[in-house]
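Source file: final_1.cif (mmCIF, C-alpha atoms and all ligand atoms)
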data_entry
loop_
_atom_site.label_atom_id
_atom_site.label_comp_id
_atom_site.auth_asym_id
_atom_site.auth_seq_id
_atom_site.Cartn_x
_atom_site.Cartn_y
_atom_site.Cartn_z
CA MET N 17 0.00 0.00 0.00
CA LYS N 18 1.26 3.49 -0.90
CA THR N 19 1.89 6.11 1.77
CA VAL N 20 0.88 9.74 1.37
CA GLY N 21 2.46 12.34 3.62
CA VAL N 22 0.40 15.33 4.72
CA LEU N 23 2.51 18.35 5.48
CA ALA N 24 1.54 19.16 9.03
CA PRO N 25 3.24 22.21 10.47
CA GLN N 26 -0.03 24.12 9.87
CA GLY N 27 -3.47 23.88 8.25
CA ASP N 28 -6.21 21.25 7.93
CA PHE N 29 -3.94 18.21 7.71
CA GLU N 30 -6.24 16.06 9.85
CA ALA N 31 -9.08 16.18 7.30
CA HIS N 32 -6.65 15.25 4.50
CA ARG N 33 -5.30 12.34 6.51
CA LYS N 34 -8.81 10.91 6.76
CA ALA N 35 -9.56 11.65 3.08
CA VAL N 36 -6.39 9.77 2.00
CA GLU N 37 -7.45 6.78 4.09
CA ARG N 38 -10.98 6.89 2.61
CA ALA N 39 -9.43 6.91 -0.88
CA GLY N 40 -7.45 3.76 -0.04
CA ALA N 41 -3.89 4.68 0.94
CA ARG N 42 -1.90 5.01 4.14
CA ALA N 43 -1.47 8.57 5.47
CA MET N 44 1.31 10.01 7.57
CA GLU N 45 1.78 13.49 9.01
CA VAL N 46 5.04 15.07 7.90
CA ARG N 47 6.81 17.54 10.18
CA ALA N 48 10.48 16.82 9.54
CA LYS N 49 12.77 16.36 6.55
CA ASP N 50 13.67 12.72 7.13
CA GLN N 51 9.96 11.73 7.01
CA LEU N 52 9.91 12.67 3.30
CA GLU N 53 11.99 9.56 2.61
CA ARG N 54 9.17 7.34 3.81
CA ILE N 55 6.35 8.64 1.59
CA ASP N 56 5.32 8.14 -2.06
CA GLY N 57 3.54 11.49 -2.44
CA LEU N 58 2.85 14.62 -0.42
CA ILE N 59 -0.22 16.76 0.23
CA ILE N 60 0.22 20.41 1.17
CA PRO N 61 -3.06 21.29 2.88
CA GLY N 62 -5.04 24.51 3.10
CA GLY N 63 -4.24 27.01 5.78
CA GLU N 64 -2.43 30.31 5.59
CA SER N 65 0.28 30.26 2.94
CA THR N 66 2.37 33.04 4.51
CA THR N 67 2.45 31.27 7.89
CA MET N 68 3.15 27.96 6.17
CA LEU N 69 6.12 29.41 4.31
CA LYS N 70 7.57 30.74 7.57
CA LEU N 71 7.13 27.42 9.35
CA LEU N 72 8.66 25.46 6.45
CA GLU N 73 11.62 27.81 6.48
CA ALA N 74 12.00 27.48 10.27
CA GLU N 75 11.98 23.65 10.04
CA GLY N 76 14.45 23.67 7.16
CA LEU N 77 11.77 22.05 5.02
CA THR N 78 11.44 24.50 2.10
CA SER N 79 14.20 23.15 -0.12
CA ALA N 80 13.56 19.56 1.01
CA VAL N 81 9.92 19.78 -0.13
CA ARG N 82 10.96 21.38 -3.42
CA GLU N 83 13.49 18.62 -4.05
CA PHE N 84 10.89 16.00 -3.14
CA GLY N 85 8.63 17.57 -5.80
CA LEU N 86 11.29 17.19 -8.49
CA LYS N 87 10.92 13.41 -8.17
CA LYS N 88 7.57 12.61 -6.55
CA PRO N 89 3.97 13.87 -6.76
CA ILE N 90 2.66 16.75 -4.66
CA TYR N 91 -0.98 17.80 -4.36
CA GLY N 92 -1.62 21.31 -3.03
CA THR N 93 -5.01 22.40 -1.68
CA CYS N 94 -5.79 26.12 -1.52
CA ALA N 95 -2.79 27.52 0.46
CA GLY N 96 -0.93 24.42 -0.81
CA ALA N 97 -1.76 25.49 -4.39
CA ILE N 98 -0.31 28.92 -3.59
CA LEU N 99 2.91 27.25 -2.42
CA LEU N 100 3.22 25.10 -5.56
CA ALA N 101 2.61 27.96 -8.03
CA ARG N 102 5.27 29.50 -10.20
CA GLU N 103 3.97 32.99 -9.47
CA VAL N 104 1.89 34.43 -6.63
CA THR N 105 0.16 37.83 -6.68
CA HIS N 106 -1.93 39.97 -4.36
CA PRO N 107 0.53 40.32 -2.74
CA PRO N 108 3.50 38.62 -4.41
CA GLN N 109 5.30 36.09 -2.20
CA PRO N 110 7.92 33.38 -2.63
CA SER N 111 6.78 29.90 -3.68
CA LEU N 112 8.13 26.46 -4.54
CA ASN N 113 7.65 26.98 -8.29
CA LEU N 114 6.72 23.38 -9.05
CA MET N 115 3.69 24.07 -11.27
CA ASP N 116 3.37 26.51 -14.15
CA ILE N 117 0.42 28.46 -12.76
CA THR N 118 -0.08 32.01 -11.53
CA VAL N 119 -2.38 32.39 -8.53
CA GLU N 120 -3.97 35.45 -7.02
CA ARG N 121 -4.40 35.09 -3.26
CA ASN N 122 -7.89 35.60 -1.83
CA GLY N 123 -9.04 36.10 -5.40
CA TYR N 124 -12.78 35.82 -4.75
CA GLY N 125 -12.67 38.77 -2.37
CA ARG N 126 -13.99 39.28 1.10
CA GLN N 127 -17.69 38.89 0.30
CA ILE N 128 -17.24 35.21 -0.48
CA ASP N 129 -14.80 34.27 2.24
CA SER N 130 -16.28 30.85 2.27
CA ARG N 131 -18.87 29.09 0.12
CA ILE N 132 -20.05 25.75 -1.13
CA ALA N 133 -20.55 25.76 -4.89
CA LYS N 134 -21.47 23.29 -7.59
CA ILE N 135 -18.58 23.22 -10.05
CA ASP N 136 -18.45 21.43 -13.39
CA GLY N 137 -18.13 17.69 -13.25
CA ASP N 138 -20.94 17.74 -10.69
CA PHE N 139 -18.73 18.43 -7.69
CA GLU N 140 -19.73 20.06 -4.44
CA ALA N 141 -16.72 22.30 -3.85
CA VAL N 142 -15.90 24.06 -0.59
CA PHE N 143 -14.01 27.33 -1.07
CA ILE N 144 -12.38 29.06 1.92
CA ARG N 145 -10.62 32.35 1.19
CA ALA N 146 -9.54 30.67 -2.00
CA PRO N 147 -7.01 31.90 -4.51
CA ILE N 148 -7.95 32.27 -8.19
CA ILE N 149 -5.75 30.54 -10.74
CA ARG N 150 -5.15 33.36 -13.23
CA LYS N 151 -2.72 31.70 -15.64
CA VAL N 152 -2.11 28.09 -16.58
CA GLY N 153 0.99 27.08 -18.56
CA GLU N 154 0.79 25.05 -21.74
CA SER N 155 1.79 21.78 -20.15
CA ALA N 156 -0.76 22.10 -17.36
CA ARG N 157 -4.27 20.70 -17.72
CA VAL N 158 -7.49 22.13 -16.26
CA LEU N 159 -9.64 19.34 -14.75
CA ALA N 160 -12.45 21.52 -13.38
CA SER N 161 -13.48 25.17 -13.41
CA TYR N 162 -15.88 27.41 -11.59
CA GLY N 163 -17.26 30.63 -13.06
CA GLY N 164 -14.78 30.31 -15.92
CA ASP N 165 -11.70 30.04 -13.67
CA PRO N 166 -9.71 26.83 -13.25
CA VAL N 167 -10.16 25.28 -9.80
CA TRP N 168 -8.51 21.87 -10.36
CA VAL N 169 -5.31 21.73 -12.40
CA GLU N 170 -2.68 19.05 -12.94
CA GLN N 171 0.73 19.20 -14.53
CA GLY N 172 2.67 16.00 -14.86
CA ARG N 173 2.96 14.43 -11.44
CA HIS N 174 1.59 17.45 -9.56
CA MET N 175 -1.93 18.67 -8.92
CA VAL N 176 -3.72 21.56 -7.20
CA THR N 177 -7.28 22.44 -6.22
CA THR N 178 -8.38 25.84 -4.95
CA PHE N 179 -11.29 24.08 -3.18
CA HIS N 180 -11.18 21.61 -0.29
CA PRO N 181 -12.21 18.07 -1.33
CA GLU N 182 -11.01 16.79 2.07
CA LEU N 183 -14.09 18.46 3.60
CA THR N 184 -16.62 16.45 1.59
CA GLU N 185 -17.19 12.72 1.24
CA ASP N 186 -16.34 12.77 -2.48
CA SER N 187 -13.03 10.92 -2.95
CA ARG N 188 -12.51 11.60 -6.66
CA VAL N 189 -9.78 14.23 -6.22
CA HIS N 190 -7.80 12.15 -3.72
CA ARG N 191 -8.21 9.04 -5.83
CA ARG N 192 -6.79 10.88 -8.85
CA PHE N 193 -3.78 11.87 -6.75
CA LEU N 194 -3.26 8.28 -5.63
CA GLU N 195 -3.11 7.24 -9.29
CA LYS N 196 -0.03 9.43 -9.67
CA LEU N 197 1.96 7.62 -6.96
N1 LIG N 201 -6.21 32.67 1.95
C1 LIG N 201 -5.20 31.70 2.28
C2 LIG N 201 -3.83 32.16 1.77
O1 LIG N 201 -3.73 33.09 1.03
C3 LIG N 201 -5.53 30.34 1.73
C4 LIG N 201 -6.82 29.84 2.34
C5 LIG N 201 -6.95 28.35 2.45
O2 LIG N 201 -5.98 27.60 2.32
N2 LIG N 201 -8.13 27.89 2.78
O3 LIG N 201 -2.85 31.60 2.12
#

Mind turning the file's structure into structure tokens?
Amino acid sequence: MKTVGVLAPQGDFEAHRKAVERAGARAMEVRAKDQLERIDGLIIPGGESTTMLKLLEAEGLTSAVREFGLKKPIYGTCAGAILLAREVTHPPQPSLNLMDITVERNGYGRQIDSRIAKIDGDFEAVFIRAPIIRKVGESARVLASYGGDPVWVEQGRHMVTTFHPELTEDSRVHRRFLEKL
């Protein structure tokens, strides 16, 4: 059985752990560099991307996670998508640059801090202070959109969603990630 690590210094890692198990793999919380050697793929959960960046830096995990991503799959949810992006705006901030996408933080604005929406593909998608994916590189593929903006994108071994599939019972997003391991 494959093992998926869930990056756990911050964010909703507990819900992802359960979602990975529901989708049929083993899950393990990752807080230190050496734990990356024991996993087949990594999930960077939602949370606050600025805080997450600081904690990764403090644990010496930033370059280790980037190097992990050069060989193995990473799935970023919401703040995790912000970390994986090539470019971040509103405001600009550093990122791991593992996927050719540009994201605008808190892109839906204050008035829709949080909402449940039906997106194409008949998904119930939970958005929480979500970023908007503004640009998608040629080698990236949009798997679902909402209101004309991509909300689920994959590029090679990596994948992001701006919504939170770990908060619903629908396992399709996690199952797709497991297929990449
Ligand atoms: N708004 C957060 C950020 O910019 C992301 C929110 C989330 O992950 N649910 O980092």

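Counting all atoms listed in the file and comparing N:Asp136, N:Glu37, N:Asp186, N:Glu103, the residue that lies closest to Trp168 of chain N is N:Asp136.
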
Atom CA of Pro108 of chain N to atom CA of Ile60 of chain N, straight-line distance in Å: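 If I compute the distance from atom CA of Ile60 of chain N to atom CA of Pro108 of chain N, I get 19.3 Å.
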
Point-to-point distance from atom CA of Val104 of chain N to atom CA of Ile55 of chain N, Å rounded to tenths: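 Between these atoms lies a distance of 27.4 Å.
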
What do you get as a ChimeraX atom specification if you pick all residues at most 9 Å from ligand LIG 201 (chain N), counting all atoms listed in the file? /N:27-28,61-68,93-99,106,120-123,129-130,143-147,178-180

Counting all atoms listed in the file, the residue of N:Gly92, N:Gly164, N:Gly85, N:Pro107 that sits nearest Ile59 of chain N: N:Gly92

For a test of reading the model, state the distance in Å between atom CA of Leu197 of chain N and atom CA of Val20 of chain N, rounded to one decimal.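 According to the coordinates, atom CA of Leu197 of chain N and atom CA of Val20 of chain N are separated by 8.7 Å.
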
Closest to Ala43 of chain N among N:Lys70, N:Lys88, N:His190, N:Arg102, using all atoms listed in the file? N:His190

Do you know which residues are at most 12 Å from Glu73 of chain N counting only C-alpha atoms, after dropping those on the same chain fewer than 5 positions away, and could you put them as number ranges by chain? N: 25, 47-49, 66-68, 78-82, 110-112

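With only C-alpha atoms as the atoms that count, the residue of N:Ala31, N:Ala24, N:Leu183, N:Leu86 with the shortest distance to Val46 of chain N is N:Ala24.
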
Can you pull out every residue within 10 Å of Ala35 of chain N, counting all atoms listed in the file, but drop anything in the same chain fewer than 3 positions away, and send it as an MDAnalysis selection string? chainID N and resid 29:32 38:41 43 181:187 189:191

Write to file, as an mmCIF file, in the coordinates of the input, the residues of the selection just made, with C-alpha atoms.
data_model
loop_
_atom_site.group_PDB
_atom_site.id
_atom_site.type_symbol
_atom_site.label_atom_id
_atom_site.label_comp_id
_atom_site.auth_asym_id
_atom_site.auth_seq_id
_atom_site.Cartn_x
_atom_site.Cartn_y
_atom_site.Cartn_z
ATOM 1 C CA PHE N 29 -3.940 18.210 7.710
ATOM 2 C CA GLU N 30 -6.240 16.060 9.850
ATOM 3 C CA ALA N 31 -9.080 16.180 7.300
ATOM 4 C CA HIS N 32 -6.650 15.250 4.500
ATOM 5 C CA ARG N 38 -10.980 6.890 2.610
ATOM 6 C CA ALA N 39 -9.430 6.910 -0.880
ATOM 7 C CA GLY N 40 -7.450 3.760 -0.040
ATOM 8 C CA ALA N 41 -3.890 4.680 0.940
ATOM 9 C CA ALA N 43 -1.470 8.570 5.470
ATOM 10 C CA PRO N 181 -12.210 18.070 -1.330
ATOM 11 C CA GLU N 182 -11.010 16.790 2.070
ATOM 12 C CA LEU N 183 -14.090 18.460 3.600
ATOM 13 C CA THR N 184 -16.620 16.450 1.590
ATOM 14 C CA GLU N 185 -17.190 12.720 1.240
ATOM 15 C CA ASP N 186 -16.340 12.770 -2.480
ATOM 16 C CA SER N 187 -13.030 10.920 -2.950
ATOM 17 C CA VAL N 189 -9.780 14.230 -6.220
ATOM 18 C CA HIS N 190 -7.800 12.150 -3.720
ATOM 19 C CA ARG N 191 -8.210 9.040 -5.830
#

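Of the residues listed (N:Ile90, N:Val158, N:Val119, N:Ile135), N:Ile90 shows the shortest atom-to-atom separation from Met175 of chain N; distances use all atoms listed in the file.
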
Residues within 12 Å of Ser161 of chain N, please, as a PDB file with C-alpha atoms, in the frame of the given file. Count only C-alpha atoms; anything in the same chain fewer than 5 positions from it doesn't count.
ATOM      1  CA  ALA N 133     -20.550  25.760  -4.890  1.00  0.00           C
ATOM      2  CA  LYS N 134     -21.470  23.290  -7.590  1.00  0.00           C
ATOM      3  CA  ILE N 135     -18.580  23.220 -10.050  1.00  0.00           C
ATOM      4  CA  ASP N 136     -18.450  21.430 -13.390  1.00  0.00           C
ATOM      5  CA  GLY N 137     -18.130  17.690 -13.250  1.00  0.00           C
ATOM      6  CA  ASP N 138     -20.940  17.740 -10.690  1.00  0.00           C
ATOM      7  CA  PHE N 139     -18.730  18.430  -7.690  1.00  0.00           C
ATOM      8  CA  ALA N 141     -16.720  22.300  -3.850  1.00  0.00           C
ATOM      9  CA  ILE N 148      -7.950  32.270  -8.190  1.00  0.00           C
ATOM     10  CA  ILE N 149      -5.750  30.540 -10.740  1.00  0.00           C
ATOM     11  CA  ARG N 150      -5.150  33.360 -13.230  1.00  0.00           C
ATOM     12  CA  PRO N 166      -9.710  26.830 -13.250  1.00  0.00           C
ATOM     13  CA  VAL N 167     -10.160  25.280  -9.800  1.00  0.00           C
ATOM     14  CA  TRP N 168      -8.510  21.870 -10.360  1.00  0.00           C
ATOM     15  CA  VAL N 169      -5.310  21.730 -12.400  1.00  0.00           C
ATOM     16  CA  THR N 177      -7.280  22.440  -6.220  1.00  0.00           C
ATOM     17  CA  THR N 178      -8.380  25.840  -4.950  1.00  0.00           C
ATOM     18  CA  PHE N 179     -11.290  24.080  -3.180  1.00  0.00           C
TER      19      PHE N 179
END

When distances are computed from only C-alpha atoms, which of N:Tyr91, N:Phe84, N:Tyr124, N:Tyr162 shows the smallest separation from Lys196 of chain N?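 Under the stated criterion, the closest residue is N:Tyr91.
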
Dump segment 160-182 of chain N with N, CA and C atoms to a file, as a compact mmCIF listing (two decimals), in the first residue's frame.
# COMPACT_ATOMS: atom_id res chain seq x y z
N ALA N 160 -11.13 20.98 -13.73
CA ALA N 160 -12.45 21.52 -13.38
C ALA N 160 -12.34 23.03 -13.24
N SER N 161 -13.45 23.71 -13.54
CA SER N 161 -13.48 25.17 -13.41
C SER N 161 -14.74 25.59 -12.67
N TYR N 162 -14.71 26.82 -12.24
CA TYR N 162 -15.88 27.41 -11.59
C TYR N 162 -15.96 28.87 -12.01
N GLY N 163 -17.09 29.26 -12.59
CA GLY N 163 -17.26 30.63 -13.06
C GLY N 163 -16.21 31.01 -14.09
N GLY N 164 -15.75 30.03 -14.87
CA GLY N 164 -14.78 30.31 -15.92
C GLY N 164 -13.33 30.25 -15.46
N ASP N 165 -13.08 30.13 -14.16
CA ASP N 165 -11.70 30.04 -13.67
C ASP N 165 -11.35 28.60 -13.31
N PRO N 166 -10.11 28.20 -13.62
CA PRO N 166 -9.71 26.83 -13.25
C PRO N 166 -9.70 26.66 -11.73
N VAL N 167 -10.20 25.54 -11.25
CA VAL N 167 -10.16 25.28 -9.80
C VAL N 167 -9.49 23.94 -9.48
N TRP N 168 -9.22 23.14 -10.54
CA TRP N 168 -8.51 21.87 -10.36
C TRP N 168 -7.59 21.73 -11.56
N VAL N 169 -6.29 21.73 -11.32
CA VAL N 169 -5.31 21.73 -12.40
C VAL N 169 -4.25 20.68 -12.10
N GLU N 170 -3.80 19.97 -13.14
CA GLU N 170 -2.68 19.05 -12.94
C GLU N 170 -1.61 19.34 -13.98
N GLN N 171 -0.39 19.06 -13.59
CA GLN N 171 0.73 19.20 -14.53
C GLN N 171 1.72 18.09 -14.19
N GLY N 172 1.80 17.13 -15.12
CA GLY N 172 2.67 16.00 -14.86
C GLY N 172 2.28 15.31 -13.56
N ARG N 173 3.24 15.17 -12.67
CA ARG N 173 2.96 14.43 -11.44
C ARG N 173 2.25 15.28 -10.38
N HIS N 174 2.15 16.57 -10.59
CA HIS N 174 1.59 17.45 -9.56
C HIS N 174 0.15 17.87 -9.85
N MET N 175 -0.51 18.33 -8.79
CA MET N 175 -1.93 18.67 -8.92
C MET N 175 -2.29 19.71 -7.86
N VAL N 176 -3.20 20.61 -8.20
CA VAL N 176 -3.72 21.56 -7.20
C VAL N 176 -5.24 21.68 -7.32
N THR N 177 -5.89 21.98 -6.20
CA THR N 177 -7.28 22.44 -6.22
C THR N 177 -7.34 23.71 -5.37
N THR N 178 -8.20 24.65 -5.79
CA THR N 178 -8.38 25.84 -4.95
C THR N 178 -9.51 25.58 -3.95
N PHE N 179 -10.25 24.46 -4.15
CA PHE N 179 -11.29 24.08 -3.18
C PHE N 179 -10.77 22.95 -2.29
N HIS N 180 -11.61 22.56 -1.34
CA HIS N 180 -11.18 21.61 -0.29
C HIS N 180 -11.94 20.28 -0.38
N PRO N 181 -11.48 19.34 -1.20
CA PRO N 181 -12.21 18.07 -1.33
C PRO N 181 -12.11 17.21 -0.05
N GLU N 182 -11.16 17.55 0.81
CA GLU N 182 -11.01 16.79 2.07
C GLU N 182 -12.18 17.07 3.01
